[in-house]
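Novice: Following this message is one structure expressed as structure tokens.
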Amino acid sequence: MATKDTKLEAALVSMTGTLVYLRDLAATLSAKPIVPQSVTSHMPQTRAEIAALKLQFENAQRVAHQEAQPFVDEWLRLVGLQVGGVIRGTMGHRISSRTDVLTFEGGIAHARLHHYLVSGVRVMSFTLEGARISLSDGSSGALLSELKDSLNRGHFKTTAMRETIDDDAEAATKVRKLHVHVPVQARMREDWVRGHTLQLT
Amino acid sequence: MAKPPFEQDLVSMVSSLIHLRTIGEELRKKPFAIPRMEAALRDSRAAFADLTSSFERTEETLQREAQPCLAQWLAAQGLQLGGEAVFEGSSAMGIARVRGGLSVVRLCPNMIFGRRCVELILEDASFALGALPGYTDFETLGQAQLSPVLNGVQGVRIPVTKDGYLGRHLSVPEALLDRHVVRITLPIKQADIDSLTRSSHFRRV
């Protein structure tokens with residue numbers, strides 16, 4: 001691999017580390033009320049400052065994503081994917097003689113560094129729009145949740161895929177979104193191909 | 001005797017402080033960007049620095065809002081800010097005392113032997129050995145001789161100061177940095193203080 005690519009990977013690995021780390025700390029901060037109920041009346045100012053801290057965490061995460069963007073763009077070019085383009089691939093699971101395969105295809109709504117490690121791997125998270133998931137048992141759907149029965153019956157591997165329920169601010173409702181996770185490092189992408197976790201096609 | 005309400009409140013406040021401190025220390029521990037990335041992450045680093053200083057500020061606010069409760073605790077111990085306090089420690093090596101002006105009372109950000117504690121800072125501290133009359137300074141008696149009071153169960157610790165006093169990390173108010181100060185950590189709960197006093201390893205006199 002070219003030195004330049006290695007450097008880009010190292011930069012993205014470091015940035016993902018930062019995002020995961022920020023996420024962890026923000027989660028710890030929100031995990032329980034820092035100021036117990038019994039003493040809240042004594043500490044109005046402290047509570048206000050803790051609320052402000054949570055906003056500051058969000059801000060730091062937002063800024064970190066922004067500054068990561070040029071690196072993300074460069075990585076997308078390297079991997080041959082682009083926002084507005086299409087991502088497709090397969091995820092398989094070999095069980096004795098049978099292999100349950102999940103095939104997906106979707107438009108890329110956006111790509112960003114993911115703030116969780118997926119099976120210990122730093123990944124880029126692609127949010128799909130107009131996604132189609134097809135399973136080797138013949139069923140298909142737009143979301144994993146639509147295919148729950150087939151997924152439960154078979155041995156499909158969905159490590160690299162995640163469905164979230166997000167707030168849709170405009171419609172003031174919840175919206176389900178499908179995400180595909182692609183390892184930031186070429187070495188891990190190859191690993192995932194070998195392990196049938198994800199093969200982009 | 002019923003436990004006074006401020007006791008449980010202080011325990012809760014120390015828990016809050018420890019929780020904040022844990023996150024704050026994590027933040028300070030990690031360099032936000034590897035050196036090569038610093039230029040590209042200027043805004044992130046600024047946001048991160050803000051976050052870190054906000055943590056410190058929040059800890060200070062918590063300490064400030066805990067003061068009325070701490071004042072009640074002090075009163076129950078017969079101590080008051082601005083007054084003099086004397087503590088005595090004993091061990092197989094003998095008895096030693098520390099005396100100083102009580103200038104700061106704070107929530108202790110660490111558990112000491114599994115107990116939530118309050119820390120007191122004594123200003124212009126001086127020391128005495130059980131057998132000898134009169135108080136003198138730390139250097140005259142030395143750490144070994146003073147070990148009964150320095151190494152008592154809850155210990156007396158002398159924070160790092162600019163003039164090279166020994167000790168460990170502690171956020172001492174700026175004004176005290178050049179002074180000889182002593183930090184004493186005492187458990188919040190009266191039952192723990194009582195058992196400490198009964199053991200006579202360390203007590204207020």
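Just remember, in the structure tokens the first chain shown is A, the second B, etc., residues are 1-based per chain, and ligands are 1-based in the order shown.
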Output as a compact mmCIF listing (two decimals) with C-alpha atoms, in the first residue's frame the set of chain B residues within 7 Å of chain A, with distances taken over only C-alpha atoms.
Specialist:
# COMPACT_ATOMS: atom_id res chain seq x y z
CA ASP B 9 -25.76 14.88 51.63
CA SER B 12 -23.79 12.13 47.85
CA SER B 16 -20.86 13.38 42.39
CA HIS B 19 -17.89 10.79 39.10
CA ILE B 23 -14.46 11.71 33.51
CA PHE B 32 -6.78 14.78 21.65
CA MET B 37 -2.82 15.80 13.08
CA ALA B 40 -5.91 19.64 10.84
CA LEU B 41 -7.75 19.43 14.13
CA ASP B 43 -11.12 23.52 16.07
CA SER B 44 -11.55 20.11 17.64
CA ALA B 47 -13.52 22.46 21.63
CA PHE B 48 -11.75 19.80 23.63
CA LEU B 51 -14.56 20.90 27.56
CA SER B 54 -15.53 23.33 31.84
CA THR B 58 -17.92 22.37 37.27
CA THR B 61 -18.79 24.94 41.43
CA LEU B 62 -19.70 21.69 43.09
CA GLU B 65 -22.08 24.67 46.53
Novice: Using the chain letters and numbers from this document, which residues of region 143-198 of chain A does DSSP assign to alpha helix (DSSP H), as a list of chain:residue names?
Specialist: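 Restricting region 143-198 of chain A to alpha helix (DSSP H) produces A:Lys148, A:Asp149, A:Ser150, A:Leu151, A:Asn152, A:Arg153, A:Ala186, A:Arg187, A:Met188, A:Arg189, A:Glu190, A:Asp191, A:Trp192, A:Val193, A:Arg194.
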Novice: Write a file of the just-selected residues containing N, CA and C atoms, as a PDB file, in the first residue's frame.
Specialist:
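Once written, result.pdb looks like this:
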ATOM      1  N   LYS A 148     -36.974  -9.735  10.113  1.00  0.00           N
ATOM      2  CA  LYS A 148     -36.665 -10.355  11.405  1.00  0.00           C
ATOM      3  C   LYS A 148     -36.864 -11.875  11.385  1.00  0.00           C
ATOM      4  N   ASP A 149     -38.015 -12.320  10.857  1.00  0.00           N
ATOM      5  CA  ASP A 149     -38.332 -13.756  10.887  1.00  0.00           C
ATOM      6  C   ASP A 149     -37.299 -14.576  10.135  1.00  0.00           C
ATOM      7  N   SER A 150     -37.005 -14.145   8.907  1.00  0.00           N
ATOM      8  CA  SER A 150     -36.014 -14.866   8.101  1.00  0.00           C
ATOM      9  C   SER A 150     -34.645 -14.838   8.782  1.00  0.00           C
ATOM     10  N   LEU A 151     -34.285 -13.676   9.325  1.00  0.00           N
ATOM     11  CA  LEU A 151     -32.976 -13.537   9.968  1.00  0.00           C
ATOM     12  C   LEU A 151     -32.875 -14.452  11.179  1.00  0.00           C
ATOM     13  N   ASN A 152     -33.973 -14.571  11.914  1.00  0.00           N
ATOM     14  CA  ASN A 152     -33.974 -15.431  13.093  1.00  0.00           C
ATOM     15  C   ASN A 152     -33.903 -16.905  12.716  1.00  0.00           C
ATOM     16  N   ARG A 153     -34.570 -17.240  11.616  1.00  0.00           N
ATOM     17  CA  ARG A 153     -34.598 -18.642  11.178  1.00  0.00           C
ATOM     18  C   ARG A 153     -33.228 -19.086  10.648  1.00  0.00           C
ATOM     19  N   ALA A 186      -7.520  -0.979   5.186  1.00  0.00           N
ATOM     20  CA  ALA A 186      -7.573  -1.964   4.102  1.00  0.00           C
ATOM     21  C   ALA A 186      -7.388  -3.380   4.645  1.00  0.00           C
ATOM     22  N   ARG A 187      -6.476  -3.513   5.587  1.00  0.00           N
ATOM     23  CA  ARG A 187      -6.173  -4.817   6.181  1.00  0.00           C
ATOM     24  C   ARG A 187      -7.443  -5.424   6.804  1.00  0.00           C
ATOM     25  N   MET A 188      -8.219  -4.601   7.474  1.00  0.00           N
ATOM     26  CA  MET A 188      -9.436  -5.097   8.118  1.00  0.00           C
ATOM     27  C   MET A 188     -10.543  -5.354   7.099  1.00  0.00           C
ATOM     28  N   ARG A 189     -10.541  -4.558   6.028  1.00  0.00           N
ATOM     29  CA  ARG A 189     -11.535  -4.820   4.966  1.00  0.00           C
ATOM     30  C   ARG A 189     -11.290  -6.209   4.380  1.00  0.00           C
ATOM     31  N   GLU A 190     -10.002  -6.528   4.194  1.00  0.00           N
ATOM     32  CA  GLU A 190      -9.656  -7.854   3.659  1.00  0.00           C
ATOM     33  C   GLU A 190     -10.052  -8.954   4.644  1.00  0.00           C
ATOM     34  N   ASP A 191      -9.817  -8.662   5.919  1.00  0.00           N
ATOM     35  CA  ASP A 191     -10.216  -9.598   6.979  1.00  0.00           C
ATOM     36  C   ASP A 191     -11.704  -9.900   6.923  1.00  0.00           C
ATOM     37  N   TRP A 192     -12.463  -8.842   6.743  1.00  0.00           N
ATOM     38  CA  TRP A 192     -13.921  -8.986   6.723  1.00  0.00           C
ATOM     39  C   TRP A 192     -14.384  -9.758   5.484  1.00  0.00           C
ATOM     40  N   VAL A 193     -13.663  -9.581   4.398  1.00  0.00           N
ATOM     41  CA  VAL A 193     -14.004 -10.335   3.188  1.00  0.00           C
ATOM     42  C   VAL A 193     -13.747 -11.823   3.448  1.00  0.00           C
ATOM     43  N   ARG A 194     -12.575 -12.126   4.006  1.00  0.00           N
ATOM     44  CA  ARG A 194     -12.224 -13.520   4.298  1.00  0.00           C
ATOM     45  C   ARG A 194     -13.206 -14.154   5.268  1.00  0.00           C
TER      46      ARG A 194
END
Novice: Neighbours of Ala75 (chain B) within 12 Å (only C-alpha atoms; same-chain residues fewer than 6 positions away dropped), as a CSV table (one decimal) with N, CA and C atoms, in the first residue's frame?
Specialist:
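What follows is the written file out-v5.csv:
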chain,number,residue,atom,x,y,z
B,4,PRO,N,-27.0,13.1,61.3
B,4,PRO,CA,-27.4,14.4,60.8
B,4,PRO,C,-27.6,14.3,59.3
B,6,PHE,N,-26.8,16.3,56.9
B,6,PHE,CA,-25.7,16.8,56.1
B,6,PHE,C,-24.7,15.7,55.8
B,68,PRO,N,-21.8,25.2,52.3
B,68,PRO,CA,-22.7,25.3,53.5
B,68,PRO,C,-22.9,23.9,54.2
B,69,CYS,N,-22.9,22.9,53.5
B,69,CYS,CA,-23.0,21.5,54.0
B,69,CYS,C,-21.7,21.2,54.8
B,81,LEU,N,-13.7,27.3,60.1
B,81,LEU,CA,-12.7,28.0,59.2
B,81,LEU,C,-12.1,29.2,59.8
B,83,GLY,N,-10.2,29.1,62.3
B,83,GLY,CA,-9.7,28.7,63.6
B,83,GLY,C,-8.5,27.8,63.6
B,105,VAL,N,-11.8,23.8,53.6
B,105,VAL,CA,-12.5,22.6,53.7
B,105,VAL,C,-13.1,22.2,52.4
Novice: Among region 12-148 of chain B, which residues does DSSP mark as strand (DSSP E) when it is run on the backbone? Keep the chain and numbering as in the structure and answer as a PDB file with C-alpha atoms, in the first residue's frame.
Specialist:
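Saved file result-v4.pdb follows:
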ATOM      1  CA  GLU B  84      -6.837  26.539  64.786  1.00  0.00           C
ATOM      2  CA  ALA B  85      -6.911  22.784  64.523  1.00  0.00           C
ATOM      3  CA  VAL B  86      -4.644  20.207  66.111  1.00  0.00           C
ATOM      4  CA  PHE B  87      -4.446  16.551  65.162  1.00  0.00           C
ATOM      5  CA  GLU B  88      -2.514  13.803  66.825  1.00  0.00           C
ATOM      6  CA  GLY B  89      -1.288  10.546  65.422  1.00  0.00           C
ATOM      7  CA  SER B  90       0.247   7.645  67.242  1.00  0.00           C
ATOM      8  CA  SER B  91       2.040   4.518  66.190  1.00  0.00           C
ATOM      9  CA  GLY B  94       5.430   7.339  69.301  1.00  0.00           C
ATOM     10  CA  ILE B  95       3.092  10.272  69.178  1.00  0.00           C
ATOM     11  CA  ALA B  96       3.252  13.331  66.971  1.00  0.00           C
ATOM     12  CA  ARG B  97       1.031  16.326  66.415  1.00  0.00           C
ATOM     13  CA  VAL B  98       0.306  18.778  63.681  1.00  0.00           C
ATOM     14  CA  ARG B  99      -1.166  22.207  64.298  1.00  0.00           C
ATOM     15  CA  GLY B 100      -2.309  24.826  61.860  1.00  0.00           C
ATOM     16  CA  GLY B 101      -4.923  27.343  60.841  1.00  0.00           C
ATOM     17  CA  LEU B 102      -7.899  25.685  59.196  1.00  0.00           C
ATOM     18  CA  SER B 103      -8.141  27.598  55.947  1.00  0.00           C
ATOM     19  CA  VAL B 104      -9.912  25.275  53.512  1.00  0.00           C
ATOM     20  CA  VAL B 105     -12.502  22.552  53.735  1.00  0.00           C
ATOM     21  CA  ARG B 106     -13.339  20.614  50.597  1.00  0.00           C
ATOM     22  CA  LEU B 107     -14.865  17.399  49.403  1.00  0.00           C
ATOM     23  CA  CYS B 117     -13.873  11.908  52.882  1.00  0.00           C
ATOM     24  CA  VAL B 118     -13.564  15.583  53.542  1.00  0.00           C
ATOM     25  CA  GLU B 119     -10.228  17.265  53.263  1.00  0.00           C
ATOM     26  CA  LEU B 120      -8.999  20.034  55.483  1.00  0.00           C
ATOM     27  CA  ILE B 121      -6.080  22.267  54.715  1.00  0.00           C
ATOM     28  CA  LEU B 122      -4.092  23.636  57.583  1.00  0.00           C
ATOM     29  CA  GLU B 123      -2.102  26.720  56.848  1.00  0.00           C
ATOM     30  CA  ASP B 124       1.236  27.557  58.496  1.00  0.00           C
ATOM     31  CA  ALA B 125       1.378  24.079  59.904  1.00  0.00           C
ATOM     32  CA  SER B 126       3.813  23.223  62.658  1.00  0.00           C
ATOM     33  CA  PHE B 127       4.631  19.929  64.270  1.00  0.00           C
ATOM     34  CA  ALA B 128       5.404  18.485  67.661  1.00  0.00           C
ATOM     35  CA  LEU B 129       6.581  15.162  69.014  1.00  0.00           C
TER      36      LEU B 129
END
Novice: Counting only C-alpha atoms, what is within 12 Å of Ile193 (chain B), bar same-chain residues fewer than 4 positions away, as a PyMOL selection string?
Specialist: chain B and resi 73+76-77+115-118+153-154+185-189+197-204
Novice: For the residues in that selection, give me C-alpha atoms as a JSON list (two decimals), in the first residue's frame.
Specialist:
[["chain", "number", "residue", "atom", "x", "y", "z"],
["B", 73, "TRP", "CA", -20.02, 19.17, 59.20],
["B", 76, "ALA", "CA", -20.38, 19.18, 64.34],
["B", 77, "GLN", "CA", -16.67, 18.43, 64.69],
["B", 115, "ARG", "CA", -14.54, 5.85, 52.51],
["B", 116, "ARG", "CA", -15.79, 9.14, 51.21],
["B", 117, "CYS", "CA", -13.87, 11.91, 52.88],
["B", 118, "VAL", "CA", -13.56, 15.58, 53.54],
["B", 153, "VAL", "CA", -4.68, 5.61, 59.40],
["B", 154, "GLN", "CA", -6.19, 8.50, 57.51],
["B", 185, "THR", "CA", -8.47, 13.77, 55.06],
["B", 186, "LEU", "CA", -11.16, 12.68, 57.44],
["B", 187, "PRO", "CA", -14.05, 10.34, 56.74],
["B", 188, "ILE", "CA", -17.39, 12.09, 56.44],
["B", 189, "LYS", "CA", -19.32, 9.72, 58.63],
["B", 197, "THR", "CA", -10.45, 8.22, 67.35],
["B", 198, "ARG", "CA", -11.02, 5.06, 69.38],
["B", 199, "SER", "CA", -8.14, 3.36, 67.62],
["B", 200, "SER", "CA", -6.12, 6.43, 68.67],
["B", 201, "HIS", "CA", -4.07, 6.22, 65.49],
["B", 202, "PHE", "CA", -5.33, 9.60, 64.50],
["B", 203, "ARG", "CA", -7.54, 12.10, 66.25],
["B", 204, "ARG", "CA", -8.33, 15.70, 66.70]]
Novice: Counting only C-alpha atoms, which of B:Ser195, B:Val205, B:Thr22, B:Gln8 gets nearest to Leu79 (chain B)?
Specialist: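 Selected residue with least distance to Leu79 (chain B): B:Val205.
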Novice: Show which residues sit within 8 Å of Gly24 (chain B), as a count of residues only. Count only C-alpha atoms, and ignore same-chain residues fewer than 2 positions away.
Specialist: 9
